[in-house]
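Notes for the one structure printed next.
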Amino acid sequence: MKAVELKSITKSFGRTTANDGVDLDLDQGEIHAVLGENGAGKSTLMNILSGLYQPDSGSIFIQNQEVRFRSPRDAIRMGIGMIHQHFMLIQSHTVLDNIILGTRLPVFLNRDKLTDKIFDCCQRLNFQINLKARVWQLSTGEQQRVEIIKALYQGARILILDEPTSILTPQESEGLFDILRSMREEGYSIVFVSHKLGEVLSIADRISILRKGRLVDTIPNQNLRQEELARLMVGRDVALDAGDQRAVPGEAETILRMAGVTARNDRRLIALESVSLAIHSGEILGIAGVAGNGQSELAEVITGLRKTESGSIKILGQDVTNASAKSIIELGVAYIPEDRINVGSVGSLDICDNVMLKCYDLFSFLNAVEISEYSEGLMDKYEVVYPGLSTPVRHLSGGNLQKLILSRELREIPKLLIAAYPVRGLDVGAIEYVREILVDCRNKGSAILLISEALDELLALSDRIAVIYEGKLTFMSTRDVHTIGLAMAGSS
Amino acid sequence: MSDVIVEKRSRISQILIRAGLLYVAPILLSFSLCSILLLAIGANPLDIYFRLLFGTFRSRYWISELILKVTPLLLCSLAVTLALKAKFWNIGVEGQFCMGAWAAGGIAITFGSLPGYLLLPLMVIAGFVSGSLWGAIPGVLKIKLKVNEIITTLLMNYVAALWLNHFVYGRWKGRDGFPYTDTFSKSAYLPTLFGQRAHIGIFFGIAAAVILYFVFERTRFGYKAKVVGENVKAARYGGINTGFVTLAVVLLSGGIAGIAGMSDVAGIHHRLNPNILLGYGYTGIIIAWLSKNKPLNVLIISILFGILAVGGDIIQVRQVPNAIVRILQGTIFLSVLAADGIMHRTRKSRRGEAKTRRGELTEA
């Protein structure tokens, strides 16, 4: 008996068909990977299975019984739990209060009794977690575990994990895989959504590949190679690793020099602790680390968006400590922000308005024709696909939005480029493209600070690598993945 | 070629259907709801509505009254619209109007002997400056201390009204001994139009609408204000001084409201008294909202609201209380609001976006 069967699921949004007759089945006690590029329809399919969306046609069977979900609540009642990429936890509440949220609660809460009950459940699966801790005190990996327990506590027998490793260190990912394996032993069925080939190969029993809304194939994970999977996923041969693209060291001008910079985050806690670094022209400095260890603050301090407590920052020999963002932009500093939707662009405004965001000074009076031509030129150069120049950019896909931001930031070769997670959430084709552009900039003499969570990418592109952990920067003398991974987790 | 025409035609019909659903249907609904009230007081709704809507255009006098009403409505709703472009909720237009009137009146009383060509510009400047300074207080509080401007601007309306009272009950009290000032000297009167009560204040309104349209479509400052309003983080990222832009927008908004106050006292009342505050500042918020924040729409909707206001006076002749106009305005606002909400929701759920969470892209 199958745990879940999806039969010819079709779902369209306007003219786009996100899922086109997709079949998927899940055995009892199986880890089933769903692999596909961004826009392949993975999330839509999972949102249908978890009750967020209703399919246009097709049917869902659970234990051979046809079901119809009208809301996520219906799906939970049928034992389907979804772990979203972005956690749905209340930071200021305790772990226990987060876990019992969304379940039917008695009028009077007996927290001790609930604690015992959840503790048993944790024991069985080898979870170690302090139920009384507040969520904000936990690491990302631990928060993910809270999400998993929460789903199990709500009675989930089928667990969907949406890109679960994107925010974990290599070690934390291994920890997650151990948990998933022991859950499989207990008879849970797991859908593992990912676009990372390596981890899919290491954990899945079977792999379903989606491409452009259709199911390409479902194959058992036996004697598969990454190249085959990549071909199935993208539909053509792709160069998987970025190759070794390091620059030849030579005489170079120092573009950015930071000395003992300390800064606080939005919660007024120390986020950067006496960070010193120098980047030279024609060099990529890679910053590795788990998200939330001071990367955003580092980028913001350099670009003038965050004040420093102490220390100094010099760009091209000029002191820009606590200078305005505007004056730093004028020095030729480009910035690809981590959050391309809320920081890098204005969703409700059109392409022209977004292209202008860094160069409105070029136009004294805004001439619609002039601006359109300028924007069109940039869009063509960077191969952005868009319905029209007056389209609000929130309608662009992630990849195209990122290309738009690149086109704006790199309209002239920048002296210094701060690139924070530039390929996050992009599909394989777009990733290749963005990486090429970064290398091209570097070769033309830009100094680049590359912040990324993908170690293989950092290793391939960076000339030097530093690890950031709890606001402290450590330069790495080795390129060994294991050593760097340990530094990312804070142990040396 | 024919494809293009068909597409254009279908776009136009789409816009018409949208406008119909969003405005025409709710307005018809409001009129039919209010006709129940009219029937209840024994009036003929059709007759009353006809007079309400078209009575204005039957005589020169009523057209002049219309211009008189539209002037403050237009200026006040532009003030709200402008501030809203930078996402500043200026609920304080009423107070800024009041301070503009107070300052202009003060100039008129103090320098009454000056000739009109000096006195009137002086009053305009005084009205603008005091309106914008009154707006600057919540503006600075918001920028520096993140105090919610909806609360502060609203509360400062009451302060402004009391401030005005303090003067008309006190040192500016006129010779009659009643709580109003003496009538201004003739040089402080705004020139009238067509020999009726309407005055040239309407040109301030039209000029403001055109200038704002130009500023927001064609200038760098308008662009910056728009970015600040739509996404503060992106604005900061783009090197825009968000505090400065917000403050500039608030000063301008308060100033326009101040000019509305100035034009009302110099054009109609010709004196200061506590009854110059007729709620134009609040009606302005409704008009700004119904206009979807577009200066040129503001012009049209201000005129419609003016017609309703004047129509209210006309139907009083038929023994119908003009409160019916207030009820009608309120019903129209609520039903358009509801229609907008319903359309928004159906469109979203049709796209399947209703339940996607903040900050995530749908895969569509």
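Chain labels follow the order of the structure tokens: the first chain is A, the next B, and so on; residue numbering restarts at 1 in every chain, and ligands are counted from 1 in their shown order.
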
(request) Pick out the residues sitting within 9 Å of stretch 77-84 of chain B, and hand them over as JSON, numbers by chain; count only C-alpha atoms, and ignore anything fewer than 2 positions along from it in its own chain. (result) {"B": [72, 73, 74, 75, 86, 87, 88, 89, 90, 91, 92, 93, 205, 208, 209, 212, 229, 246, 249, 250, 252, 253, 254, 255, 256, 257, 280, 281, 282, 283, 284, 285, 286, 287, 288, 289, 291, 292, 293, 294, 295, 298, 299, 302]}

(message) I'd like the neighbourhood of A:Met88 as a VMD selection string, where a residue qualifies if any of its atoms comes within 10 Å (using only C-alpha atoms), though same-chain residues fewer than 4 positions away should be ignored.
(response) chain A and resid 83 to 84 98 143 to 144 147

Would you save the residues from that selection as a short mmCIF file (atom, residue, chain, number, x, y, z; two decimals), in the first residue's frame, using N, CA and C atoms?
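What ended up in result-v4.cif:
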```cif
data_model
loop_
_atom_site.label_atom_id
_atom_site.label_comp_id
_atom_site.auth_asym_id
_atom_site.auth_seq_id
_atom_site.Cartn_x
_atom_site.Cartn_y
_atom_site.Cartn_z
N ILE A 83 7.66 21.02 6.34
CA ILE A 83 8.69 21.86 6.95
C ILE A 83 9.11 22.86 5.88
N HIS A 84 8.74 24.12 6.09
CA HIS A 84 9.04 25.12 5.08
C HIS A 84 10.50 25.53 5.16
N ASN A 98 5.95 26.61 20.96
CA ASN A 98 5.91 26.55 19.51
C ASN A 98 5.40 25.19 19.03
N GLN A 143 16.51 24.87 15.31
CA GLN A 143 15.18 25.39 14.98
C GLN A 143 14.49 24.46 13.98
N GLN A 144 15.28 23.93 13.04
CA GLN A 144 14.70 23.01 12.07
C GLN A 144 14.16 21.77 12.78
N GLU A 147 10.86 22.42 14.20
CA GLU A 147 9.83 22.33 13.17
C GLU A 147 9.43 20.87 12.92
#
```

(request) Give me, please, the distance in Å between atom CA of B:Leu120 and atom CA of B:Ala188, quoted to one decimal. (result) 5.9 Å

(message) I'd like the neighbourhood of B:Lys224 as a VMD selection string, where a residue qualifies if any of its atoms comes within 12 Å (using only C-alpha atoms), though same-chain residues fewer than 2 positions away should be ignored.
(response) (chain A and resid 346 349 353 to 354 356 to 361 366) or (chain B and resid 85 to 86 215 to 222 226 to 232 234 to 246 248 to 249)

Output N, CA and C atoms for every residue in the selection just made, as a CSV table (one decimal), in the first residue's frame.
```csv
chain,number,residue,atom,x,y,z
A,346,VAL,N,12.3,47.3,-5.8
A,346,VAL,CA,11.0,47.8,-5.4
A,346,VAL,C,10.0,47.1,-6.1
A,349,LEU,N,7.2,48.8,-8.3
A,349,LEU,CA,7.6,49.7,-9.4
A,349,LEU,C,8.1,48.9,-10.6
A,353,ASP,N,12.0,52.0,-13.3
A,353,ASP,CA,12.2,52.6,-12.0
A,353,ASP,C,13.3,51.8,-11.2
A,354,ASN,N,13.3,50.5,-11.4
A,354,ASN,CA,14.3,49.7,-10.6
A,354,ASN,C,15.7,49.8,-11.2
A,356,MET,N,16.8,52.5,-12.5
A,356,MET,CA,17.3,53.8,-12.1
A,356,MET,C,17.8,53.9,-10.6
A,357,LEU,N,17.5,52.9,-9.8
A,357,LEU,CA,17.7,53.0,-8.4
A,357,LEU,C,19.1,53.5,-8.0
A,358,LYS,N,20.1,53.1,-8.8
A,358,LYS,CA,21.5,53.5,-8.5
A,358,LYS,C,22.0,54.6,-9.4
A,359,CYS,N,21.2,55.0,-10.4
A,359,CYS,CA,21.8,56.0,-11.3
A,359,CYS,C,20.8,57.0,-11.7
A,360,TYR,N,19.9,57.4,-10.7
A,360,TYR,CA,18.9,58.4,-11.0
A,360,TYR,C,19.5,59.8,-11.2
A,361,ASP,N,20.8,59.9,-10.8
A,361,ASP,CA,21.5,61.2,-10.9
A,361,ASP,C,21.9,61.4,-12.4
A,366,LEU,N,13.2,63.5,-15.6
A,366,LEU,CA,13.1,62.1,-16.1
A,366,LEU,C,12.4,62.1,-17.4
B,85,LYS,N,2.3,59.4,-1.0
B,85,LYS,CA,3.3,58.9,-2.0
B,85,LYS,C,4.5,58.4,-1.3
B,86,ALA,N,4.9,59.1,-0.2
B,86,ALA,CA,6.1,58.6,0.6
B,86,ALA,C,5.6,57.8,1.8
B,215,VAL,N,5.9,66.7,-10.8
B,215,VAL,CA,6.9,66.3,-9.9
B,215,VAL,C,7.0,64.8,-9.8
B,216,PHE,N,5.9,64.1,-9.7
B,216,PHE,CA,6.0,62.7,-9.5
B,216,PHE,C,6.3,61.9,-10.8
B,217,GLU,N,5.9,62.5,-11.9
B,217,GLU,CA,6.2,61.8,-13.2
B,217,GLU,C,7.6,62.1,-13.7
B,218,ARG,N,8.0,63.3,-13.5
B,218,ARG,CA,9.2,63.8,-14.3
B,218,ARG,C,10.4,64.2,-13.5
B,219,THR,N,10.4,64.2,-12.2
B,219,THR,CA,11.5,64.8,-11.5
B,219,THR,C,12.2,63.7,-10.7
B,220,ARG,N,13.5,63.9,-10.4
B,220,ARG,CA,14.2,63.0,-9.6
B,220,ARG,C,13.7,63.0,-8.2
B,221,PHE,N,13.2,64.1,-7.7
B,221,PHE,CA,12.7,64.2,-6.3
B,221,PHE,C,11.4,63.3,-6.2
B,222,GLY,N,10.6,63.4,-7.3
B,222,GLY,CA,9.4,62.6,-7.3
B,222,GLY,C,9.7,61.1,-7.3
B,226,LYS,N,8.8,58.3,-4.4
B,226,LYS,CA,8.1,57.1,-4.8
B,226,LYS,C,8.8,55.9,-4.2
B,227,VAL,N,10.1,55.8,-4.4
B,227,VAL,CA,10.9,54.7,-3.9
B,227,VAL,C,10.8,54.6,-2.4
B,228,VAL,N,10.9,55.8,-1.7
B,228,VAL,CA,10.8,55.8,-0.3
B,228,VAL,C,9.5,55.2,0.2
B,229,GLY,N,8.4,55.6,-0.5
B,229,GLY,CA,7.1,55.2,-0.2
B,229,GLY,C,6.9,53.7,-0.4
B,230,GLU,N,7.4,53.2,-1.5
B,230,GLU,CA,7.2,51.8,-1.8
B,230,GLU,C,8.1,50.8,-1.1
B,231,ASN,N,9.3,51.2,-0.8
B,231,ASN,CA,10.2,50.3,-0.1
B,231,ASN,C,11.4,51.1,0.5
B,232,VAL,N,11.3,51.4,1.8
B,232,VAL,CA,12.3,52.2,2.5
B,232,VAL,C,13.7,51.6,2.4
B,234,ALA,N,15.0,49.5,0.2
B,234,ALA,CA,15.6,49.7,-1.2
B,234,ALA,C,16.0,51.1,-1.4
B,235,ALA,N,15.2,52.1,-0.8
B,235,ALA,CA,15.6,53.5,-1.0
B,235,ALA,C,17.0,53.7,-0.3
B,236,ARG,N,17.1,53.2,0.9
B,236,ARG,CA,18.4,53.4,1.6
B,236,ARG,C,19.5,52.8,0.8
B,237,TYR,N,19.2,51.6,0.3
B,237,TYR,CA,20.2,50.8,-0.5
B,237,TYR,C,20.6,51.6,-1.7
B,238,GLY,N,19.6,52.4,-2.3
B,238,GLY,CA,19.9,53.2,-3.5
B,238,GLY,C,20.6,54.5,-3.1
B,239,GLY,N,21.0,54.7,-1.8
B,239,GLY,CA,21.7,55.9,-1.5
B,239,GLY,C,20.8,57.1,-1.3
B,240,ILE,N,19.5,56.9,-1.2
B,240,ILE,CA,18.5,58.0,-1.0
B,240,ILE,C,18.5,58.3,0.5
B,241,ASN,N,18.5,59.6,0.8
B,241,ASN,CA,18.4,60.1,2.1
B,241,ASN,C,16.9,60.1,2.5
B,242,THR,N,16.5,59.0,3.1
B,242,THR,CA,15.1,58.8,3.3
B,242,THR,C,14.5,59.8,4.3
B,243,GLY,N,15.2,60.1,5.3
B,243,GLY,CA,14.7,61.1,6.2
B,243,GLY,C,14.4,62.4,5.6
B,244,PHE,N,15.4,62.9,4.8
B,244,PHE,CA,15.3,64.2,4.1
B,244,PHE,C,14.1,64.2,3.1
B,245,VAL,N,14.0,63.1,2.4
B,245,VAL,CA,12.9,63.0,1.4
B,245,VAL,C,11.5,63.0,2.1
B,246,THR,N,11.4,62.2,3.2
B,246,THR,CA,10.1,62.2,3.9
B,246,THR,C,9.8,63.6,4.5
B,248,ALA,N,10.8,66.5,3.4
B,248,ALA,CA,10.5,67.4,2.3
B,248,ALA,C,9.0,67.2,1.9
B,249,VAL,N,8.6,65.9,1.8
B,249,VAL,CA,7.3,65.6,1.3
B,249,VAL,C,6.3,66.1,2.4
```

(message) Residues near A:Leu417, anyone? I mean within 9 Å using only C-alpha atoms, not counting same-chain ones fewer than 6 positions away, as a ChimeraX atom specification.
(response) /A:332-336,409-410,438,441,446-450

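Atom CA of A:Leu232 is found 11.2 Å from atom CA of A:Leu197.
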
Any chance you could tabulate, as a tab-separated table, the residues of chain A at most 8 Å from chain B with each one's nearest atom pair and distance in Å to one decimal, using only C-alpha atoms, in chain and rising number order?
```
residue	atom	partner	partner_atom	distance
A:Ser12	CA	B:Ala364	CA	7.9
A:Phe13	CA	B:Arg351	CA	5.3
A:Gly14	CA	B:Arg351	CA	6.3
A:Thr16	CA	B:Ala364	CA	6.2
A:Thr17	CA	B:Ala364	CA	7.4
A:Ala18	CA	B:Ala364	CA	5.8
A:Asn38	CA	B:Glu363	CA	7.2
A:Gly39	CA	B:Glu363	CA	4.9
A:Ala40	CA	B:Glu363	CA	7.7
A:Gly41	CA	B:Glu363	CA	6.4
A:Ser43	CA	B:Glu363	CA	6.8
A:Thr44	CA	B:Glu363	CA	6.8
A:Leu52	CA	B:Lys355	CA	6.7
A:Tyr53	CA	B:Gly352	CA	6.6
A:Leu305	CA	B:Tyr237	CA	6.9
A:Ser324	CA	B:Gly239	CA	7.4
A:Ala325	CA	B:Gly239	CA	4.8
A:Lys326	CA	B:Gly239	CA	4.1
A:Ser327	CA	B:Gly239	CA	7.8
A:Ile329	CA	B:Gly239	CA	7.1
A:Ile341	CA	B:Gly359	CA	6.9
A:Asn342	CA	B:Ala234	CA	6.7
A:Val343	CA	B:Ala234	CA	4.4
A:Gly344	CA	B:Ala234	CA	5.8
A:Ser345	CA	B:Ala234	CA	6.0
A:Val346	CA	B:Asn231	CA	5.9
A:Ser348	CA	B:Glu230	CA	6.9
A:Leu349	CA	B:Glu230	CA	7.8
A:Asp353	CA	B:Tyr223	CA	7.9
A:Leu357	CA	B:Gly238	CA	5.4
A:Lys358	CA	B:Gly238	CA	5.3
A:Tyr360	CA	B:Arg220	CA	6.7
A:Asp361	CA	B:Arg220	CA	7.6
A:Phe363	CA	B:Arg220	CA	7.4
A:Ser364	CA	B:Arg220	CA	6.5
A:Phe365	CA	B:Thr219	CA	5.0
A:Leu366	CA	B:Arg218	CA	4.6
A:Asn367	CA	B:Arg218	CA	6.8
A:Ser397	CA	B:Leu361	CA	7.4
A:Gly398	CA	B:Leu361	CA	7.2
```

What would the file look like if the residues just selected were written as an mmCIF file, in the first residue's frame with C-alpha atoms?
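Result file result.cif:
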```cif
data_model
loop_
_atom_site.group_PDB
_atom_site.id
_atom_site.type_symbol
_atom_site.label_atom_id
_atom_site.label_comp_id
_atom_site.auth_asym_id
_atom_site.auth_seq_id
_atom_site.Cartn_x
_atom_site.Cartn_y
_atom_site.Cartn_z
ATOM 1 C CA SER A 12 -1.887 26.540 -13.716
ATOM 2 C CA PHE A 13 -1.418 30.111 -12.641
ATOM 3 C CA GLY A 14 -2.801 32.349 -15.336
ATOM 4 C CA THR A 16 1.763 29.384 -16.799
ATOM 5 C CA THR A 17 1.277 25.706 -16.135
ATOM 6 C CA ALA A 18 3.211 24.973 -12.971
ATOM 7 C CA ASN A 38 13.680 26.676 -9.684
ATOM 8 C CA GLY A 39 10.452 27.066 -11.546
ATOM 9 C CA ALA A 40 10.229 23.344 -12.294
ATOM 10 C CA GLY A 41 7.075 23.115 -10.191
ATOM 11 C CA SER A 43 7.023 23.950 -4.629
ATOM 12 C CA THR A 44 3.655 24.044 -6.341
ATOM 13 C CA LEU A 52 -2.074 25.222 0.408
ATOM 14 C CA TYR A 53 -3.206 25.028 -3.204
ATOM 15 C CA LEU A 305 23.876 51.064 5.396
ATOM 16 C CA SER A 324 26.569 57.878 3.679
ATOM 17 C CA ALA A 325 25.476 55.106 1.349
ATOM 18 C CA LYS A 326 25.330 57.659 -1.405
ATOM 19 C CA SER A 327 28.971 58.706 -1.120
ATOM 20 C CA ILE A 329 28.047 54.322 -4.228
ATOM 21 C CA ILE A 341 13.019 41.282 -3.046
ATOM 22 C CA ASN A 342 12.939 43.583 -0.044
ATOM 23 C CA VAL A 343 16.226 45.428 -0.419
ATOM 24 C CA GLY A 344 17.528 45.041 -3.950
ATOM 25 C CA SER A 345 14.361 46.042 -5.734
ATOM 26 C CA VAL A 346 11.046 47.792 -5.358
ATOM 27 C CA SER A 348 5.605 47.481 -7.017
ATOM 28 C CA LEU A 349 7.607 49.699 -9.351
ATOM 29 C CA ASP A 353 12.242 52.616 -12.001
ATOM 30 C CA LEU A 357 17.711 53.021 -8.397
ATOM 31 C CA LYS A 358 21.473 53.479 -8.507
ATOM 32 C CA TYR A 360 18.870 58.413 -10.981
ATOM 33 C CA ASP A 361 21.484 61.166 -10.938
ATOM 34 C CA PHE A 363 18.774 62.072 -15.361
ATOM 35 C CA SER A 364 18.019 65.615 -14.239
ATOM 36 C CA PHE A 365 14.454 65.564 -15.540
ATOM 37 C CA LEU A 366 13.056 62.139 -16.094
ATOM 38 C CA ASN A 367 12.559 61.605 -19.762
ATOM 39 C CA SER A 397 11.140 35.262 -11.602
ATOM 40 C CA GLY A 398 13.976 35.120 -9.086
#
```

(message) Among stretch 43-252 of chain A, which ones does DSSP assign to alpha helix (DSSP H) (computed from the backbone)? Answer as JSON, numbers by chain.
(response) {"A": [43, 44, 45, 46, 47, 48, 49, 72, 73, 74, 75, 76, 77, 95, 96, 97, 98, 99, 100, 111, 112, 113, 114, 115, 116, 117, 118, 119, 120, 121, 122, 123, 124, 140, 141, 142, 143, 144, 145, 146, 147, 148, 149, 150, 151, 152, 153, 170, 171, 172, 173, 174, 175, 176, 177, 178, 179, 180, 181, 182, 183, 184, 185, 197, 198, 199, 200, 201, 202, 203, 226, 227, 228, 229, 230, 231, 232, 233, 234]}

Do a neighbour search on A:Leu210 at 6 Å with only C-alpha atoms, toss out local chain neighbours closer than 5 positions, and write the hits as a short mmCIF file (atom, residue, chain, number, x, y, z; two decimals) with C-alpha atoms, in the first residue's frame.
```
data_model
loop_
_atom_site.label_atom_id
_atom_site.label_comp_id
_atom_site.auth_asym_id
_atom_site.auth_seq_id
_atom_site.Cartn_x
_atom_site.Cartn_y
_atom_site.Cartn_z
CA GLY A 36 14.19 20.11 -10.12
CA ALA A 40 10.23 23.34 -12.29
CA LEU A 215 7.59 14.69 -14.34
CA VAL A 216 10.66 13.57 -16.28
#
```

(request) Measuring atom to atom with only C-alpha atoms, identify which of B:Gly306, B:Lys173, B:Gly258, B:Gln319 is nearest to B:Thr56. (result)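 Result for the nearest residue to B:Thr56: B:Gly306.
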
(message) DSSP on the backbone: which residues in stretch 198-369 of chain A end up as strand (DSSP E)? Give the answer as a VMD selection string.
(response) chain A and resid 206 to 211 214 to 220 254 to 264 270 to 280 283 to 288 310 to 315 318 to 319 333 to 336

(message) Rounded to one decimal, what separation in Å do you get between atom CA of B:Pro115 and atom CA of B:His269?
(response)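 Straight-line distance from atom CA of B:Pro115 to atom CA of B:His269 works out to 19.3 Å.
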